[in-house]
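Raw contents of entry07.txt, compact mmCIF, C-alpha atoms and all ligand atoms:
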```txt
# COMPACT_ATOMS: atom_id res chain seq x y z
CA MET E 1 126.16 93.24 100.71
CA GLU E 2 126.08 93.41 104.49
CA THR E 3 122.50 94.67 104.55
CA ALA E 4 121.13 91.53 102.92
CA ILE E 5 118.72 89.38 104.95
CA PRO E 6 120.72 86.78 106.93
CA SER E 7 120.58 83.60 104.84
CA PRO E 8 118.83 81.38 107.47
CA LEU E 9 116.01 83.92 107.71
CA LYS E 10 115.71 84.12 103.94
CA ALA E 11 115.66 80.31 103.73
CA GLU E 12 112.93 80.19 106.37
CA HIS E 13 110.81 82.72 104.46
CA ASP E 14 111.28 80.80 101.21
CA GLU E 15 110.34 77.50 102.85
CA LEU E 16 107.21 78.97 104.43
CA HIS E 17 106.27 80.49 101.09
CA GLN E 18 106.73 77.18 99.25
CA GLU E 19 104.67 75.26 101.80
CA LEU E 20 101.92 77.84 101.55
CA VAL E 21 101.88 77.62 97.73
CA LYS E 22 101.46 73.85 98.08
CA ALA E 23 98.57 74.33 100.52
CA THR E 24 96.82 76.78 98.17
CA LYS E 25 96.66 74.02 95.55
CA GLU E 26 94.82 71.63 97.89
CA PRO E 27 91.18 70.98 97.04
CA GLY E 28 88.34 71.94 99.36
CA LYS E 29 88.47 73.96 102.56
CA VAL E 30 92.21 73.64 103.10
CA GLY E 31 93.02 75.20 99.73
CA GLU E 32 90.43 77.89 100.31
CA ALA E 33 91.81 78.76 103.76
CA ALA E 34 95.40 78.69 102.46
CA ARG E 35 94.52 81.12 99.66
CA ALA E 36 93.06 83.48 102.27
CA VAL E 37 96.37 83.25 104.20
CA ALA E 38 98.36 83.97 101.03
CA GLU E 39 96.33 87.07 100.30
CA VAL E 40 97.30 88.73 103.59
CA LEU E 41 100.75 87.19 103.86
CA HIS E 42 102.27 88.03 100.49
CA PRO E 43 102.35 91.85 100.73
CA HIS E 44 103.60 91.49 104.30
CA PHE E 45 106.52 89.24 103.30
CA VAL E 46 107.46 91.70 100.55
CA LYS E 47 107.69 94.58 103.05
CA GLU E 48 109.69 92.48 105.51
CA GLU E 49 112.21 91.57 102.87
CA GLU E 50 112.38 95.17 101.70
CA TYR E 51 113.19 96.88 105.00
CA ALA E 52 112.49 94.89 108.20
CA LEU E 53 114.93 92.00 107.91
CA PRO E 54 117.89 93.21 105.77
CA PRO E 55 119.31 95.40 108.60
CA LEU E 56 119.90 92.20 110.58
CA GLY E 57 122.54 91.29 108.00
CA ILE E 58 125.01 93.64 109.72
CA LEU E 59 124.57 92.15 113.22
CA LYS E 60 127.32 89.57 112.83
CA VAL E 61 129.71 92.11 111.31
CA LEU E 62 129.08 94.52 114.17
CA ALA E 63 129.50 91.82 116.82
CA GLU E 64 132.86 90.96 115.31
CA GLY E 65 133.88 94.59 115.72
CA LYS E 66 134.27 95.12 112.00
CA PRO E 67 133.29 98.34 110.23
CA VAL E 68 129.86 98.57 108.60
CA SER E 69 129.65 100.32 105.27
CA ASP E 70 125.95 100.73 104.58
CA THR E 71 124.96 102.70 107.68
CA GLU E 72 122.70 105.24 105.91
CA LYS E 73 120.74 102.43 104.30
CA VAL E 74 120.38 100.61 107.63
CA ILE E 75 119.09 103.78 109.32
CA GLU E 76 116.64 104.43 106.48
CA MET E 77 115.26 100.88 106.67
CA THR E 78 115.03 100.73 110.46
CA GLU E 79 113.32 104.15 110.65
CA ARG E 80 110.77 102.88 108.17
CA LEU E 81 110.23 99.73 110.23
CA LYS E 82 109.82 101.81 113.38
CA SER E 83 107.16 104.03 111.80
CA GLU E 84 105.34 101.13 110.16
CA LEU E 85 105.55 98.76 113.13
CA PRO E 86 101.93 99.22 114.29
CA ARG E 87 100.75 98.35 110.75
CA MET E 88 103.09 95.33 110.60
CA LEU E 89 101.69 94.06 113.91
CA GLU E 90 98.13 94.53 112.66
CA GLU E 91 99.05 92.48 109.61
CA HIS E 92 100.35 89.73 111.90
CA GLU E 93 97.00 89.69 113.68
CA ALA E 94 95.20 89.26 110.35
CA ILE E 95 97.67 86.56 109.23
CA VAL E 96 97.36 84.65 112.52
CA ALA E 97 93.55 84.81 112.32
CA GLU E 98 93.63 83.24 108.84
CA LEU E 99 96.20 80.66 109.97
CA GLU E 100 93.99 79.61 112.88
CA LYS E 101 91.18 78.97 110.38
CA LEU E 102 93.59 76.97 108.21
CA ALA E 103 94.66 74.85 111.20
CA GLU E 104 91.03 74.17 112.05
CA VAL E 105 90.00 73.01 108.58
CA ALA E 106 93.23 71.03 108.19
CA CYS E 107 92.27 69.05 111.31
CA GLU E 108 88.70 68.62 110.05
CA GLU E 109 89.93 67.31 106.69
CA ASN E 110 92.56 65.10 108.32
CA LYS E 111 95.53 66.93 106.82
CA PRO E 112 97.67 67.49 109.93
CA GLU E 113 100.68 68.66 107.93
CA TYR E 114 98.87 71.91 107.15
CA ALA E 115 97.89 72.37 110.80
CA ARG E 116 101.60 72.00 111.65
CA PHE E 117 102.48 74.47 108.92
CA ALA E 118 100.01 77.00 110.37
CA GLU E 119 101.58 76.58 113.83
CA LYS E 120 105.05 77.05 112.35
CA LEU E 121 104.02 80.27 110.61
CA ILE E 122 102.37 81.61 113.77
CA LEU E 123 105.60 80.94 115.67
CA HIS E 124 107.53 82.73 112.92
CA ALA E 125 105.34 85.83 113.40
CA ARG E 126 105.87 85.71 117.18
CA THR E 127 109.64 85.44 116.71
CA GLU E 128 109.54 88.52 114.52
CA GLU E 129 107.47 90.45 117.04
CA ASP E 130 109.55 89.50 120.08
CA VAL E 131 113.05 89.28 118.58
CA LEU E 132 113.64 90.24 114.96
CA TYR E 133 111.71 93.52 114.62
CA PRO E 134 113.00 94.86 117.97
CA ALA E 135 116.56 93.76 117.08
CA SER E 136 116.33 95.59 113.76
CA ILE E 137 115.03 98.78 115.41
CA VAL E 138 117.66 98.69 118.20
CA LEU E 139 120.32 98.16 115.56
CA GLY E 140 119.25 101.34 113.75
CA GLU E 141 119.27 103.29 117.02
CA TYR E 142 122.73 101.94 117.84
CA ILE E 143 124.12 102.90 114.44
CA LYS E 144 122.63 106.39 114.83
CA SER E 145 124.15 106.79 118.30
CA LYS E 146 127.59 105.94 116.91
CA GLN E 147 127.45 108.49 114.13
CA PRO E 148 129.49 111.65 114.60
CA ARG E 149 127.27 114.59 115.48
CA ILE E 150 127.22 117.14 112.68
CA PRO E 151 126.08 120.66 113.60
CA VAL E 152 122.97 121.85 111.73
CA ARG E 153 124.92 124.57 109.86
CA GLY E 154 127.56 122.00 108.97
CA ARG E 155 124.91 119.71 107.54
CA ALA E 156 123.60 122.52 105.30
CA ARG E 157 127.11 123.26 104.06
CA GLN E 158 127.69 119.59 103.50
CA ARG E 159 124.58 119.33 101.36
CA ARG E 160 125.33 122.52 99.40
CA GLY E 161 128.96 121.99 98.71
CA GLY E 162 129.12 118.23 98.83
CA GLN E 163 131.98 118.63 101.24
CA PHE E 164 131.96 118.87 105.00
CA ILE E 165 133.80 121.88 106.40
FE FE G 201 108.31 86.93 108.07
FE FE G 202 105.92 88.93 109.63
```
Represent the structure of the file as structure tokens.
Ligand SMILES: [Fe+2]
Ligand SMILES: [Fe+2]
Amino acid sequence: METAIPSPLKAEHDELHQELVKATKEPGKVGEAARAVAEVLHPHFVKEEEYALPPLGILKVLAEGKPVSDTEKVIEMTERLKSELPRMLEEHEAIVAELEKLAEVACEENKPEYARFAEKLILHARTEEDVLYPASIVLGEYIKSKQPRIPVRGRARQRRGGQFI
């Protein structure tokens, strides 16, 4: 429960997704550019919702000094984010490049709402790069640092017997 994406972030993702779907249905260059955005954005959003953003769901609980139950899951997700971060950032570059094209054609076709949408989505990507991804990674490191250290032999026994001696 705690490892769910914080609801404002989920709402933001859903809103961006809905606006993009609307743009893809536009005729002409705007629709074409929006469909190109959707192609690179969709798999990226799926990965974010799978492992990049859910760890942030425990931030509030931790700040309140309450115990966190799902620590193993948080560590697993944040380790994955850490190892896949370069790829995630490359995807942002590709998404931003397509969004810049969308903003350009939206201005040409006098549809400023889609240019604003493109700016909003670019800002979303920057927020993730500068705040959300680092926060998620630091959170995983923090959780790991708070775990009791188990000696290597103890770990093996724990796995074999299912009980820590
Ligand atoms: Fe996102
Ligand atoms: Fe992203």
### Surrounding residues as a PyMOL selection string, ligand FE 202 (chain G), max 8 Å, all atoms listed in the file
chain E and resi 41+44-45+48+88-89+91-92+124-125+128-129
### Message
Show me which residues are within 12 Å of ligand FE 201 (chain G) counting only C-alpha atoms and all ligand atoms, and format the list as a PyMOL selection string.
### Response
chain E and resi 5+8-17+41-54+88-89+91-92+95+120-129+131-133
### Task
Calculate how many Å separate CA of Val30 in chain E from CA of Ala106 in chain E, rounding to one decimal.
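A separation of 5.8 Å between them.
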### Summary
Of E:Pro134, E:Gly31, E:Gly140, E:Gly57, the one sitting nearest Met77 in chain E when using all atoms listed in the file is E:Gly140
### Task
Name all residues at most 9 Å from Glu32 in chain E (count all atoms listed in the file; drop same-chain ones fewer than 6 positions away) and give them as number ranges by chain.
E: 23-26, 102
### Query
With only C-alpha atoms as the basis for distance, which of E:Val21, E:Val40, E:Ile137, E:Ile143 is at the shortest distance from Ser83 in chain E?
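Smallest separation from Ser83 in chain E among the options: E:Ile137.
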### Task
Could you check how far CA of Ala33 in chain E sits from CA of Lys101 in chain E, in Å to one decimal?
6.7 Å
#### Entry: Selected residue, from E:Lys66, E:Arg149, E:Lys29, E:Lys82, that lies nearest to Glu109 in chain E when counting only C-alpha atoms
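Residue with the minimum atom-to-atom distance to Glu109 in chain E: E:Lys29.
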### Query
Closest to Val68 in chain E among E:Thr3, E:Glu141, E:Asp130, E:Leu20, using only C-alpha atoms?
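Going through E:Thr3, E:Glu141, E:Asp130, E:Leu20 one by one, the smallest distance to Val68 in chain E is for E:Thr3.
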### Query
Hey, can you check how far CA of Glu72 in chain E sits from CA of Gln147 in chain E?
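Result for CA of Glu72 in chain E versus CA of Gln147 in chain E: 10.0 Å, one decimal.
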## Note on the structure
From the list E:Ala36, E:Ser136, E:Glu19, E:Glu84, the nearest residue to Ala115 in chain E using only C-alpha atoms is E:Glu19
#### Entry: 10 Å contact set for Leu59 in chain E, only C-alpha atoms, chain neighbours under 2 positions out, as JSON, numbers by chain
{"E": [2, 3, 6, 55, 56, 57, 61, 62, 63, 64, 65, 68, 135, 136, 139]}
### Task
Compare E:Glu108, E:Ile75, E:Glu93, E:Arg87 by their minimum atom-to-atom distance to Val138 in chain E, counting all atoms listed in the file, and give me the closest one.
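Using all atoms listed in the file, the shortest distance to Val138 in chain E belongs to E:Ile75.
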